[in-house]
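Student: File data.txt follows (compact mmCIF, N, CA and C atoms and all ligand atoms):
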# COMPACT_ATOMS: atom_id res chain seq x y z
N MET A 1 24.78 -7.83 108.44
CA MET A 1 25.43 -8.23 107.19
C MET A 1 26.76 -8.90 107.52
N THR A 2 27.10 -9.94 106.78
CA THR A 2 28.31 -10.70 107.02
C THR A 2 29.45 -10.17 106.19
N GLU A 3 30.61 -9.91 106.82
CA GLU A 3 31.79 -9.44 106.10
C GLU A 3 32.50 -10.63 105.45
N PRO A 4 33.16 -10.43 104.28
CA PRO A 4 33.85 -11.52 103.61
C PRO A 4 34.90 -12.20 104.47
N SER A 5 35.55 -11.44 105.38
CA SER A 5 36.59 -12.04 106.22
C SER A 5 36.03 -12.74 107.44
N ASP A 6 34.73 -12.68 107.59
CA ASP A 6 34.08 -13.35 108.71
C ASP A 6 34.28 -14.86 108.59
N PRO A 7 34.81 -15.51 109.65
CA PRO A 7 35.04 -16.96 109.55
C PRO A 7 33.75 -17.74 109.32
N GLN A 8 32.60 -17.11 109.56
CA GLN A 8 31.33 -17.79 109.31
C GLN A 8 30.99 -17.84 107.82
N THR A 9 31.64 -16.96 107.04
CA THR A 9 31.37 -16.91 105.61
C THR A 9 32.11 -18.04 104.90
N VAL A 10 31.39 -18.86 104.16
CA VAL A 10 32.01 -19.94 103.42
C VAL A 10 31.94 -19.60 101.94
N VAL A 11 33.11 -19.53 101.32
CA VAL A 11 33.18 -19.24 99.89
C VAL A 11 33.71 -20.49 99.20
N ASP A 12 32.99 -20.94 98.17
CA ASP A 12 33.46 -22.09 97.40
C ASP A 12 34.85 -21.83 96.87
N SER A 13 35.66 -22.88 96.79
CA SER A 13 37.00 -22.74 96.26
C SER A 13 37.38 -23.98 95.48
N HIS A 14 38.36 -23.81 94.59
CA HIS A 14 38.87 -24.92 93.79
C HIS A 14 40.28 -24.51 93.36
N PRO A 15 41.24 -25.42 93.33
CA PRO A 15 42.61 -25.03 92.95
C PRO A 15 42.69 -24.35 91.59
N ASP A 16 41.83 -24.74 90.63
CA ASP A 16 41.87 -24.13 89.30
C ASP A 16 41.46 -22.67 89.31
N TRP A 17 40.83 -22.20 90.36
CA TRP A 17 40.33 -20.84 90.42
C TRP A 17 41.37 -19.88 90.98
N SER A 18 42.62 -20.32 91.09
CA SER A 18 43.67 -19.48 91.67
C SER A 18 44.65 -18.96 90.64
N HIS A 19 44.35 -19.13 89.34
CA HIS A 19 45.23 -18.61 88.31
C HIS A 19 44.42 -18.12 87.12
N ILE A 20 45.04 -17.26 86.32
CA ILE A 20 44.36 -16.74 85.14
C ILE A 20 44.30 -17.85 84.10
N PRO A 21 43.12 -18.15 83.58
CA PRO A 21 42.99 -19.25 82.60
C PRO A 21 43.81 -18.99 81.33
N GLU A 22 44.27 -20.07 80.72
CA GLU A 22 45.13 -19.97 79.53
C GLU A 22 44.30 -20.07 78.24
N HIS A 23 43.29 -19.24 78.13
CA HIS A 23 42.48 -19.25 76.92
C HIS A 23 43.18 -18.47 75.82
N ALA A 24 42.95 -18.90 74.58
CA ALA A 24 43.50 -18.16 73.44
C ALA A 24 42.67 -16.90 73.16
N HIS A 25 41.36 -17.00 73.41
CA HIS A 25 40.47 -15.87 73.14
C HIS A 25 39.51 -15.68 74.30
N HIS A 26 39.24 -14.42 74.58
CA HIS A 26 38.17 -14.07 75.52
C HIS A 26 37.11 -13.36 74.69
N VAL A 27 35.92 -13.94 74.68
CA VAL A 27 34.83 -13.45 73.84
C VAL A 27 33.74 -12.88 74.74
N PHE A 28 33.32 -11.67 74.40
CA PHE A 28 32.27 -11.01 75.17
C PHE A 28 31.05 -10.81 74.27
N LEU A 29 29.99 -11.51 74.59
CA LEU A 29 28.75 -11.35 73.82
C LEU A 29 27.81 -10.45 74.61
N CYS A 30 27.36 -9.39 73.98
CA CYS A 30 26.43 -8.48 74.64
C CYS A 30 25.06 -9.14 74.76
N THR A 31 24.56 -9.20 75.98
CA THR A 31 23.18 -9.64 76.19
C THR A 31 22.42 -8.52 76.91
N GLY A 32 22.78 -7.30 76.53
CA GLY A 32 22.02 -6.14 76.98
C GLY A 32 20.65 -6.13 76.31
N PRO A 33 19.80 -5.19 76.69
CA PRO A 33 18.40 -5.24 76.24
C PRO A 33 18.22 -5.16 74.72
N ARG A 34 18.99 -4.35 74.04
CA ARG A 34 18.77 -4.21 72.59
C ARG A 34 19.37 -5.38 71.82
N CYS A 35 20.53 -5.86 72.23
CA CYS A 35 21.11 -7.03 71.55
C CYS A 35 20.27 -8.28 71.83
N THR A 36 19.69 -8.37 73.02
CA THR A 36 18.80 -9.50 73.33
C THR A 36 17.58 -9.46 72.43
N GLN A 37 17.02 -8.26 72.20
CA GLN A 37 15.87 -8.16 71.29
C GLN A 37 16.24 -8.57 69.87
N ARG A 38 17.51 -8.48 69.55
CA ARG A 38 17.95 -8.87 68.20
C ARG A 38 18.47 -10.32 68.18
N GLY A 39 18.21 -11.09 69.24
CA GLY A 39 18.51 -12.53 69.19
C GLY A 39 19.78 -12.96 69.88
N ALA A 40 20.36 -12.13 70.76
CA ALA A 40 21.65 -12.47 71.36
C ALA A 40 21.61 -13.76 72.19
N LEU A 41 20.49 -14.05 72.84
CA LEU A 41 20.45 -15.26 73.67
C LEU A 41 20.50 -16.53 72.82
N GLN A 42 19.86 -16.50 71.65
CA GLN A 42 19.95 -17.65 70.74
C GLN A 42 21.38 -17.77 70.20
N LEU A 43 21.99 -16.62 69.95
CA LEU A 43 23.38 -16.64 69.48
C LEU A 43 24.31 -17.22 70.54
N TRP A 44 24.05 -16.89 71.78
CA TRP A 44 24.84 -17.42 72.90
C TRP A 44 24.81 -18.95 72.89
N LYS A 45 23.61 -19.51 72.74
CA LYS A 45 23.47 -20.98 72.72
C LYS A 45 24.20 -21.56 71.52
N LYS A 46 24.09 -20.92 70.38
CA LYS A 46 24.75 -21.43 69.17
C LYS A 46 26.26 -21.36 69.30
N LEU A 47 26.76 -20.26 69.84
CA LEU A 47 28.21 -20.12 70.03
C LEU A 47 28.74 -21.21 70.96
N ARG A 48 28.03 -21.45 72.05
CA ARG A 48 28.46 -22.50 73.00
C ARG A 48 28.48 -23.87 72.33
N ARG A 49 27.40 -24.18 71.60
CA ARG A 49 27.32 -25.50 70.93
C ARG A 49 28.45 -25.65 69.92
N GLN A 50 28.70 -24.59 69.16
CA GLN A 50 29.73 -24.65 68.12
C GLN A 50 31.12 -24.80 68.75
N LEU A 51 31.36 -24.08 69.83
CA LEU A 51 32.65 -24.19 70.52
C LEU A 51 32.81 -25.57 71.15
N LEU A 52 31.72 -26.11 71.69
CA LEU A 52 31.77 -27.47 72.24
C LEU A 52 32.11 -28.48 71.16
N GLU A 53 31.51 -28.33 69.99
CA GLU A 53 31.79 -29.24 68.87
C GLU A 53 33.27 -29.25 68.53
N HIS A 54 33.89 -28.08 68.63
CA HIS A 54 35.32 -27.96 68.32
C HIS A 54 36.19 -28.20 69.56
N GLN A 55 35.55 -28.54 70.68
CA GLN A 55 36.26 -28.75 71.95
C GLN A 55 37.14 -27.54 72.30
N ARG A 56 36.55 -26.35 72.14
CA ARG A 56 37.30 -25.11 72.39
C ARG A 56 36.73 -24.29 73.54
N ILE A 57 35.73 -24.81 74.23
CA ILE A 57 35.10 -23.98 75.26
C ILE A 57 35.80 -24.20 76.61
N GLU A 58 36.31 -23.10 77.15
CA GLU A 58 36.88 -23.09 78.50
C GLU A 58 37.94 -24.16 78.71
N VAL A 59 38.84 -24.28 77.75
CA VAL A 59 40.00 -25.17 77.86
C VAL A 59 41.24 -24.36 77.50
N PRO A 60 42.42 -24.80 77.96
CA PRO A 60 43.64 -24.09 77.57
C PRO A 60 43.74 -24.02 76.04
N GLY A 61 44.03 -22.84 75.53
CA GLY A 61 44.10 -22.64 74.09
C GLY A 61 42.73 -22.44 73.46
N GLY A 62 41.69 -22.47 74.25
CA GLY A 62 40.32 -22.33 73.75
C GLY A 62 39.75 -20.96 73.99
N VAL A 63 38.47 -20.94 74.32
CA VAL A 63 37.72 -19.69 74.39
C VAL A 63 37.00 -19.58 75.72
N LEU A 64 37.12 -18.44 76.35
CA LEU A 64 36.28 -18.10 77.49
C LEU A 64 35.17 -17.21 76.95
N LEU A 65 33.95 -17.71 77.01
CA LEU A 65 32.79 -16.99 76.46
C LEU A 65 32.03 -16.35 77.61
N THR A 66 31.95 -15.03 77.57
CA THR A 66 31.34 -14.27 78.67
C THR A 66 30.21 -13.42 78.13
N ARG A 67 29.09 -13.44 78.84
CA ARG A 67 27.99 -12.55 78.48
C ARG A 67 28.19 -11.22 79.21
N THR A 68 27.88 -10.14 78.55
CA THR A 68 28.02 -8.84 79.18
C THR A 68 26.69 -8.09 79.12
N HIS A 69 26.66 -6.99 79.83
CA HIS A 69 25.55 -6.06 79.64
C HIS A 69 25.92 -5.18 78.45
N CYS A 70 25.27 -4.06 78.29
CA CYS A 70 25.44 -3.23 77.11
C CYS A 70 26.91 -2.84 76.88
N GLN A 71 27.38 -3.04 75.64
CA GLN A 71 28.73 -2.60 75.26
C GLN A 71 28.67 -1.27 74.49
N PHE A 72 27.50 -0.77 74.23
CA PHE A 72 27.16 0.58 73.76
C PHE A 72 26.97 0.84 72.27
N PRO A 73 27.58 0.13 71.36
CA PRO A 73 27.14 0.42 69.98
C PRO A 73 25.86 -0.38 69.66
N CYS A 74 24.83 -0.15 70.48
CA CYS A 74 23.60 -0.96 70.42
C CYS A 74 22.99 -1.00 69.02
N ASN A 75 23.00 0.12 68.30
CA ASN A 75 22.36 0.17 66.99
C ASN A 75 23.06 -0.74 65.98
N LEU A 76 24.26 -1.18 66.32
CA LEU A 76 25.04 -1.99 65.39
C LEU A 76 25.06 -3.46 65.80
N GLY A 77 24.27 -3.83 66.81
CA GLY A 77 24.29 -5.18 67.35
C GLY A 77 23.45 -6.18 66.61
N PRO A 78 23.48 -7.43 67.08
CA PRO A 78 24.09 -7.93 68.31
C PRO A 78 25.63 -7.80 68.27
N VAL A 79 26.17 -7.32 69.37
CA VAL A 79 27.59 -6.99 69.46
C VAL A 79 28.35 -8.11 70.16
N LEU A 80 29.49 -8.45 69.58
CA LEU A 80 30.37 -9.47 70.17
C LEU A 80 31.80 -8.97 70.01
N THR A 81 32.57 -8.99 71.08
CA THR A 81 33.96 -8.55 70.98
C THR A 81 34.89 -9.71 71.30
N VAL A 82 36.03 -9.72 70.62
CA VAL A 82 37.01 -10.80 70.78
C VAL A 82 38.35 -10.19 71.17
N TYR A 83 38.91 -10.70 72.27
CA TYR A 83 40.23 -10.28 72.72
C TYR A 83 41.14 -11.49 72.74
N PRO A 84 42.44 -11.33 72.50
CA PRO A 84 43.20 -10.08 72.56
C PRO A 84 43.20 -9.26 71.27
N GLN A 85 42.51 -9.66 70.23
CA GLN A 85 42.58 -8.91 68.97
C GLN A 85 41.77 -7.62 69.01
N ALA A 86 40.91 -7.44 70.02
CA ALA A 86 40.05 -6.26 70.14
C ALA A 86 39.20 -6.07 68.89
N CYS A 87 38.60 -7.15 68.44
CA CYS A 87 37.70 -7.09 67.29
C CYS A 87 36.28 -6.87 67.77
N TRP A 88 35.60 -5.94 67.13
CA TRP A 88 34.19 -5.67 67.41
C TRP A 88 33.38 -6.19 66.24
N TYR A 89 32.55 -7.19 66.52
CA TYR A 89 31.76 -7.83 65.47
C TYR A 89 30.28 -7.55 65.66
N ARG A 90 29.56 -7.54 64.53
CA ARG A 90 28.11 -7.68 64.55
C ARG A 90 27.82 -9.10 64.10
N VAL A 91 27.14 -9.85 64.95
CA VAL A 91 26.78 -11.23 64.62
C VAL A 91 25.26 -11.25 64.47
N SER A 92 24.79 -11.32 63.25
CA SER A 92 23.37 -11.12 62.97
C SER A 92 22.52 -12.37 63.09
N ASN A 93 23.12 -13.55 62.93
CA ASN A 93 22.32 -14.77 62.92
C ASN A 93 23.21 -15.97 63.25
N GLU A 94 22.58 -17.14 63.32
CA GLU A 94 23.32 -18.34 63.72
C GLU A 94 24.39 -18.72 62.69
N ALA A 95 24.11 -18.49 61.42
CA ALA A 95 25.11 -18.81 60.39
C ALA A 95 26.38 -17.98 60.62
N GLU A 96 26.19 -16.72 61.00
CA GLU A 96 27.36 -15.87 61.27
C GLU A 96 28.08 -16.30 62.55
N ALA A 97 27.32 -16.79 63.53
CA ALA A 97 27.95 -17.29 64.76
C ALA A 97 28.85 -18.49 64.44
N ILE A 98 28.35 -19.37 63.59
CA ILE A 98 29.13 -20.55 63.18
C ILE A 98 30.40 -20.09 62.45
N ARG A 99 30.22 -19.13 61.55
CA ARG A 99 31.36 -18.63 60.77
C ARG A 99 32.41 -17.98 61.68
N LEU A 100 31.95 -17.22 62.66
CA LEU A 100 32.88 -16.56 63.58
C LEU A 100 33.71 -17.60 64.34
N VAL A 101 33.04 -18.65 64.80
CA VAL A 101 33.77 -19.71 65.52
C VAL A 101 34.76 -20.38 64.58
N ASP A 102 34.28 -20.79 63.41
CA ASP A 102 35.15 -21.55 62.50
C ASP A 102 36.35 -20.72 62.02
N VAL A 103 36.09 -19.48 61.63
CA VAL A 103 37.15 -18.69 60.99
C VAL A 103 38.05 -18.02 62.02
N HIS A 104 37.47 -17.34 63.01
CA HIS A 104 38.31 -16.58 63.95
C HIS A 104 38.74 -17.43 65.16
N LEU A 105 37.76 -18.01 65.84
CA LEU A 105 38.08 -18.64 67.13
C LEU A 105 38.76 -19.99 66.99
N VAL A 106 38.56 -20.66 65.87
CA VAL A 106 39.26 -21.92 65.60
C VAL A 106 40.37 -21.67 64.56
N GLY A 107 40.02 -20.97 63.50
CA GLY A 107 40.97 -20.78 62.40
C GLY A 107 42.00 -19.68 62.62
N GLY A 108 41.71 -18.75 63.55
CA GLY A 108 42.68 -17.71 63.86
C GLY A 108 42.70 -16.54 62.90
N GLU A 109 41.71 -16.47 61.98
CA GLU A 109 41.66 -15.36 61.02
C GLU A 109 40.50 -14.42 61.37
N ILE A 110 40.74 -13.12 61.30
CA ILE A 110 39.68 -12.15 61.56
C ILE A 110 38.66 -12.19 60.42
N VAL A 111 37.38 -12.14 60.77
CA VAL A 111 36.30 -12.17 59.76
C VAL A 111 36.00 -10.72 59.38
N GLU A 112 36.74 -10.24 58.40
CA GLU A 112 36.72 -8.80 58.07
C GLU A 112 35.32 -8.27 57.76
N ASP A 113 34.52 -9.03 57.02
CA ASP A 113 33.21 -8.51 56.60
C ASP A 113 32.18 -8.52 57.72
N MET A 114 32.51 -9.07 58.89
CA MET A 114 31.60 -9.00 60.03
C MET A 114 32.01 -7.94 61.05
N LEU A 115 33.17 -7.31 60.83
CA LEU A 115 33.63 -6.28 61.76
C LEU A 115 32.69 -5.08 61.70
N ILE A 116 32.45 -4.47 62.84
CA ILE A 116 31.64 -3.26 62.88
C ILE A 116 32.47 -2.11 62.33
N ARG A 117 31.95 -1.49 61.30
CA ARG A 117 32.61 -0.32 60.69
C ARG A 117 31.80 0.89 61.06
N GLU A 118 32.42 1.80 61.76
CA GLU A 118 31.70 3.00 62.18
C GLU A 118 31.64 4.01 61.06
N ARG A 119 30.48 4.60 60.92
CA ARG A 119 30.32 5.72 59.99
C ARG A 119 30.11 6.96 60.83
N ARG A 120 31.00 7.91 60.75
CA ARG A 120 30.86 9.13 61.56
C ARG A 120 30.58 10.32 60.69
S1 LIG B 201 22.50 -3.65 74.21
FE1 LIG B 201 24.19 -4.59 73.17
S2 LIG B 201 25.51 -2.93 72.73
FE2 LIG B 201 23.90 -2.04 73.85
Using the file provided, produce a representation of the structure as structure tokens.

Tutor:
Amino acid sequence: MTEPSDPQTVVDSHPDWSHIPEHAHHVFLCTGPRCTQRGALQLWKKLRRQLLEHQRIEVPGGVLLTRTHCQFPCNLGPVLTVYPQACWYRVSNEAEAIRLVDVHLVGGEIVEDMLIRERR
């Protein structure tokens, strides 16, 4: 096995990869097994397209969109979290994905009626 410090190991590099990106939002879309069964992969494509339309994907002041494994409130999914606001959303369909981008990620307002409300 090759160690990372081995001079034979070649790791791709780029100057932009040496600093924390200046995104306004970091979005985590769950693509764990239960959220995927509820359409998370289609939502991923819609979110990317919508962010591209607004020129907000992976640019300074834009959005870093990351897929995750299970975030755990599976029964309430598809689950999407937005930081730094720490908002936990249920995004049920493409219309809601568009709304989330337009209202929160572009408009800067939390979409209150899409927030996951826990009942204990
Ligand atoms: S599979 Fe998405 S929260 Fe568990």

Student: Per residue of range 18-56 of chain A within 8 Å of range 77-98 of chain A, note the shortest atom pair and the distance in Å to one decimal, counting all atoms listed in the file, and order the rows by chain and increasing residue number, as a Markdown table.

Tutor:
| residue | atom | partner | partner_atom | distance |
| --- | --- | --- | --- | --- |
| A:His23 | C | A:Tyr83 | C | 7.9 |
| A:Ala24 | C | A:Pro84 | N | 5.6 |
| A:His25 | CA | A:Tyr83 | C | 4.4 |
| A:His26 | N | A:Tyr83 | C | 3.9 |
| A:Val27 | CA | A:Thr81 | C | 4.5 |
| A:Phe28 | C | A:Thr81 | N | 4.0 |
| A:Leu29 | CA | A:Leu80 | CA | 4.4 |
| A:Cys30 | N | A:Val79 | C | 4.1 |
| A:Thr31 | N | A:Val79 | C | 7.0 |
| A:Gly32 | N | A:Val79 | N | 7.9 |
| A:Arg34 | C | A:Pro78 | CA | 6.4 |
| A:Cys35 | CA | A:Pro78 | CA | 4.5 |
| A:Thr36 | N | A:Pro78 | CA | 6.5 |
| A:Gln37 | C | A:Pro78 | N | 7.8 |
| A:Arg38 | CA | A:Pro78 | N | 5.8 |
| A:Gly39 | N | A:Pro78 | CA | 6.7 |
| A:Ala40 | CA | A:Pro78 | CA | 6.0 |
| A:Gln42 | C | A:Glu94 | CA | 6.8 |
| A:Leu43 | CA | A:Glu94 | CA | 6.0 |
| A:Lys46 | C | A:Ala97 | C | 6.2 |
| A:Leu47 | CA | A:Ala97 | C | 5.9 |
| A:Gln50 | CA | A:Ile98 | CA | 6.4 |
| A:Leu51 | N | A:Ile98 | CA | 7.9 |

Student: Go ahead and write the selection's residues with N, CA and C atoms as a PDB file, keeping the file's coordinate frame.

Tutor:
ATOM      1  N   HIS A  23      43.290 -19.240  78.130  1.00  0.00           N
ATOM      2  CA  HIS A  23      42.480 -19.250  76.920  1.00  0.00           C
ATOM      3  C   HIS A  23      43.180 -18.470  75.820  1.00  0.00           C
ATOM      4  N   ALA A  24      42.950 -18.900  74.580  1.00  0.00           N
ATOM      5  CA  ALA A  24      43.500 -18.160  73.440  1.00  0.00           C
ATOM      6  C   ALA A  24      42.670 -16.900  73.160  1.00  0.00           C
ATOM      7  N   HIS A  25      41.360 -17.000  73.410  1.00  0.00           N
ATOM      8  CA  HIS A  25      40.470 -15.870  73.140  1.00  0.00           C
ATOM      9  C   HIS A  25      39.510 -15.680  74.300  1.00  0.00           C
ATOM     10  N   HIS A  26      39.240 -14.420  74.580  1.00  0.00           N
ATOM     11  CA  HIS A  26      38.170 -14.070  75.520  1.00  0.00           C
ATOM     12  C   HIS A  26      37.110 -13.360  74.690  1.00  0.00           C
ATOM     13  N   VAL A  27      35.920 -13.940  74.680  1.00  0.00           N
ATOM     14  CA  VAL A  27      34.830 -13.450  73.840  1.00  0.00           C
ATOM     15  C   VAL A  27      33.740 -12.880  74.740  1.00  0.00           C
ATOM     16  N   PHE A  28      33.320 -11.670  74.400  1.00  0.00           N
ATOM     17  CA  PHE A  28      32.270 -11.010  75.170  1.00  0.00           C
ATOM     18  C   PHE A  28      31.050 -10.810  74.270  1.00  0.00           C
ATOM     19  N   LEU A  29      29.990 -11.510  74.590  1.00  0.00           N
ATOM     20  CA  LEU A  29      28.750 -11.350  73.820  1.00  0.00           C
ATOM     21  C   LEU A  29      27.810 -10.450  74.610  1.00  0.00           C
ATOM     22  N   CYS A  30      27.360  -9.390  73.980  1.00  0.00           N
ATOM     23  CA  CYS A  30      26.430  -8.480  74.640  1.00  0.00           C
ATOM     24  C   CYS A  30      25.060  -9.140  74.760  1.00  0.00           C
ATOM     25  N   THR A  31      24.560  -9.200  75.980  1.00  0.00           N
ATOM     26  CA  THR A  31      23.180  -9.640  76.190  1.00  0.00           C
ATOM     27  C   THR A  31      22.420  -8.520  76.910  1.00  0.00           C
ATOM     28  N   GLY A  32      22.780  -7.300  76.530  1.00  0.00           N
ATOM     29  CA  GLY A  32      22.020  -6.140  76.980  1.00  0.00           C
ATOM     30  C   GLY A  32      20.650  -6.130  76.310  1.00  0.00           C
ATOM     31  N   ARG A  34      18.990  -4.350  74.040  1.00  0.00           N
ATOM     32  CA  ARG A  34      18.770  -4.210  72.590  1.00  0.00           C
ATOM     33  C   ARG A  34      19.370  -5.380  71.820  1.00  0.00           C
ATOM     34  N   CYS A  35      20.530  -5.860  72.230  1.00  0.00           N
ATOM     35  CA  CYS A  35      21.110  -7.030  71.550  1.00  0.00           C
ATOM     36  C   CYS A  35      20.270  -8.280  71.830  1.00  0.00           C
ATOM     37  N   THR A  36      19.690  -8.370  73.020  1.00  0.00           N
ATOM     38  CA  THR A  36      18.800  -9.500  73.330  1.00  0.00           C
ATOM     39  C   THR A  36      17.580  -9.460  72.430  1.00  0.00           C
ATOM     40  N   GLN A  37      17.020  -8.260  72.200  1.00  0.00           N
ATOM     41  CA  GLN A  37      15.870  -8.160  71.290  1.00  0.00           C
ATOM     42  C   GLN A  37      16.240  -8.570  69.870  1.00  0.00           C
ATOM     43  N   ARG A  38      17.510  -8.480  69.550  1.00  0.00           N
ATOM     44  CA  ARG A  38      17.950  -8.870  68.200  1.00  0.00           C
ATOM     45  C   ARG A  38      18.470 -10.320  68.180  1.00  0.00           C
ATOM     46  N   GLY A  39      18.210 -11.090  69.240  1.00  0.00           N
ATOM     47  CA  GLY A  39      18.510 -12.530  69.190  1.00  0.00           C
ATOM     48  C   GLY A  39      19.780 -12.960  69.880  1.00  0.00           C
ATOM     49  N   ALA A  40      20.360 -12.130  70.760  1.00  0.00           N
ATOM     50  CA  ALA A  40      21.650 -12.470  71.360  1.00  0.00           C
ATOM     51  C   ALA A  40      21.610 -13.760  72.190  1.00  0.00           C
ATOM     52  N   GLN A  42      19.860 -16.500  71.650  1.00  0.00           N
ATOM     53  CA  GLN A  42      19.950 -17.650  70.740  1.00  0.00           C
ATOM     54  C   GLN A  42      21.380 -17.770  70.200  1.00  0.00           C
ATOM     55  N   LEU A  43      21.990 -16.620  69.950  1.00  0.00           N
ATOM     56  CA  LEU A  43      23.380 -16.640  69.480  1.00  0.00           C
ATOM     57  C   LEU A  43      24.310 -17.220  70.540  1.00  0.00           C
ATOM     58  N   LYS A  46      24.090 -20.920  70.380  1.00  0.00           N
ATOM     59  CA  LYS A  46      24.750 -21.430  69.170  1.00  0.00           C
ATOM     60  C   LYS A  46      26.260 -21.360  69.300  1.00  0.00           C
ATOM     61  N   LEU A  47      26.760 -20.260  69.840  1.00  0.00           N
ATOM     62  CA  LEU A  47      28.210 -20.120  70.030  1.00  0.00           C
ATOM     63  C   LEU A  47      28.740 -21.210  70.960  1.00  0.00           C
ATOM     64  N   GLN A  50      28.700 -24.590  69.160  1.00  0.00           N
ATOM     65  CA  GLN A  50      29.730 -24.650  68.120  1.00  0.00           C
ATOM     66  C   GLN A  50      31.120 -24.800  68.750  1.00  0.00           C
ATOM     67  N   LEU A  51      31.360 -24.080  69.830  1.00  0.00           N
ATOM     68  CA  LEU A  51      32.650 -24.190  70.520  1.00  0.00           C
ATOM     69  C   LEU A  51      32.810 -25.570  71.150  1.00  0.00           C
TER      70      LEU A  51
END

Student: Point out the residue among A:Gln8, A:Ser13, A:Gln71, A:Gln55 with the least atom-to-atom distance to ligand LIG 201 (chain B), counting all atoms listed in the file.

Tutor: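 Answer, going by the shortest atom-to-atom distance: A:Gln71.
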
Student: Got a sec to tell me which of chain A DSSP assigns to strand (DSSP E), as a list in words?

Tutor: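 Matching residues for strand (DSSP E) in chain A are His25, His26, Val27, Phe28, Leu29, Cys30, Val63, Leu64, Leu65, Thr66, Arg67, Thr68, Val79, Leu80, Thr81, Val82, Tyr83, Cys87, Trp88, Tyr89 and Arg90 of chain A.
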
Student: Check the smallest atom-to-atom distance from each of A:Val59, A:Cys70, A:Val111, A:Leu100 to Pro21 in chain A using all atoms listed in the file, then report the winner.

Tutor: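 The closest residue to Pro21 in chain A is A:Val59.
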
Student: Could you tell me which of A:Thr68, A:Leu105, A:Gly62, A:Arg49 comes closest to ligand LIG 201 (chain B) if we count all atoms listed in the file?

Tutor: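 Result for the nearest residue to ligand LIG 201 (chain B): A:Thr68.
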
Student: So what do you get for atom C of His104 in chain A versus atom N of Arg67 in chain A, distance-wise?

Tutor: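 Between atom C of His104 in chain A and atom N of Arg67 in chain A the gap is 17.2 Å.
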
Student: Take range 113-117 of chain A, bring it up to all heavy atoms, and give me the output as a PDB file, in the coordinates of the input.

Tutor:
ATOM      1  N   ASP A 113      34.520  -9.030  57.020  1.00  0.00           N
ATOM      2  CA  ASP A 113      33.210  -8.510  56.600  1.00  0.00           C
ATOM      3  C   ASP A 113      32.180  -8.520  57.720  1.00  0.00           C
ATOM      4  O   ASP A 113      31.085  -7.995  57.535  1.00  0.00           O
ATOM      5  CB  ASP A 113      32.685  -9.253  55.381  1.00  0.00           C
ATOM      6  CG  ASP A 113      32.414 -10.715  55.670  1.00  0.00           C
ATOM      7  OD1 ASP A 113      33.360 -11.424  56.076  1.00  0.00           O
ATOM      8  OD2 ASP A 113      31.268 -11.138  55.496  1.00  0.00           O
ATOM      9  N   MET A 114      32.510  -9.070  58.890  1.00  0.00           N
ATOM     10  CA  MET A 114      31.600  -9.000  60.030  1.00  0.00           C
ATOM     11  C   MET A 114      32.010  -7.940  61.050  1.00  0.00           C
ATOM     12  O   MET A 114      31.316  -7.704  62.020  1.00  0.00           O
ATOM     13  CB  MET A 114      31.506 -10.383  60.728  1.00  0.00           C
ATOM     14  CG  MET A 114      30.692 -11.388  59.923  1.00  0.00           C
ATOM     15  SD  MET A 114      30.736 -13.054  60.647  1.00  0.00           S
ATOM     16  CE  MET A 114      30.225 -12.732  62.323  1.00  0.00           C
ATOM     17  N   LEU A 115      33.170  -7.310  60.830  1.00  0.00           N
ATOM     18  CA  LEU A 115      33.630  -6.280  61.760  1.00  0.00           C
ATOM     19  C   LEU A 115      32.690  -5.080  61.700  1.00  0.00           C
ATOM     20  O   LEU A 115      32.203  -4.715  60.621  1.00  0.00           O
ATOM     21  CB  LEU A 115      35.044  -5.831  61.412  1.00  0.00           C
ATOM     22  CG  LEU A 115      36.158  -6.819  61.709  1.00  0.00           C
ATOM     23  CD1 LEU A 115      37.475  -6.283  61.154  1.00  0.00           C
ATOM     24  CD2 LEU A 115      36.279  -7.100  63.210  1.00  0.00           C
ATOM     25  N   ILE A 116      32.450  -4.470  62.840  1.00  0.00           N
ATOM     26  CA  ILE A 116      31.640  -3.260  62.880  1.00  0.00           C
ATOM     27  C   ILE A 116      32.470  -2.110  62.330  1.00  0.00           C
ATOM     28  O   ILE A 116      33.583  -1.842  62.803  1.00  0.00           O
ATOM     29  CB  ILE A 116      31.183  -2.955  64.331  1.00  0.00           C
ATOM     30  CG1 ILE A 116      30.203  -4.032  64.798  1.00  0.00           C
ATOM     31  CG2 ILE A 116      30.573  -1.562  64.422  1.00  0.00           C
ATOM     32  CD1 ILE A 116      29.809  -3.920  66.267  1.00  0.00           C
ATOM     33  N   ARG A 117      31.950  -1.490  61.300  1.00  0.00           N
ATOM     34  CA  ARG A 117      32.610  -0.320  60.690  1.00  0.00           C
ATOM     35  C   ARG A 117      31.800   0.890  61.060  1.00  0.00           C
ATOM     36  O   ARG A 117      30.637   0.997  60.703  1.00  0.00           O
ATOM     37  CB  ARG A 117      32.651  -0.468  59.173  1.00  0.00           C
ATOM     38  CG  ARG A 117      33.224  -1.764  58.684  1.00  0.00           C
ATOM     39  CD  ARG A 117      34.713  -1.720  58.612  1.00  0.00           C
ATOM     40  NE  ARG A 117      35.207  -2.976  58.039  1.00  0.00           N
ATOM     41  CZ  ARG A 117      36.410  -3.459  58.277  1.00  0.00           C
ATOM     42  NH1 ARG A 117      37.236  -2.801  59.045  1.00  0.00           N
ATOM     43  NH2 ARG A 117      36.774  -4.580  57.739  1.00  0.00           N
TER      44      ARG A 117
END
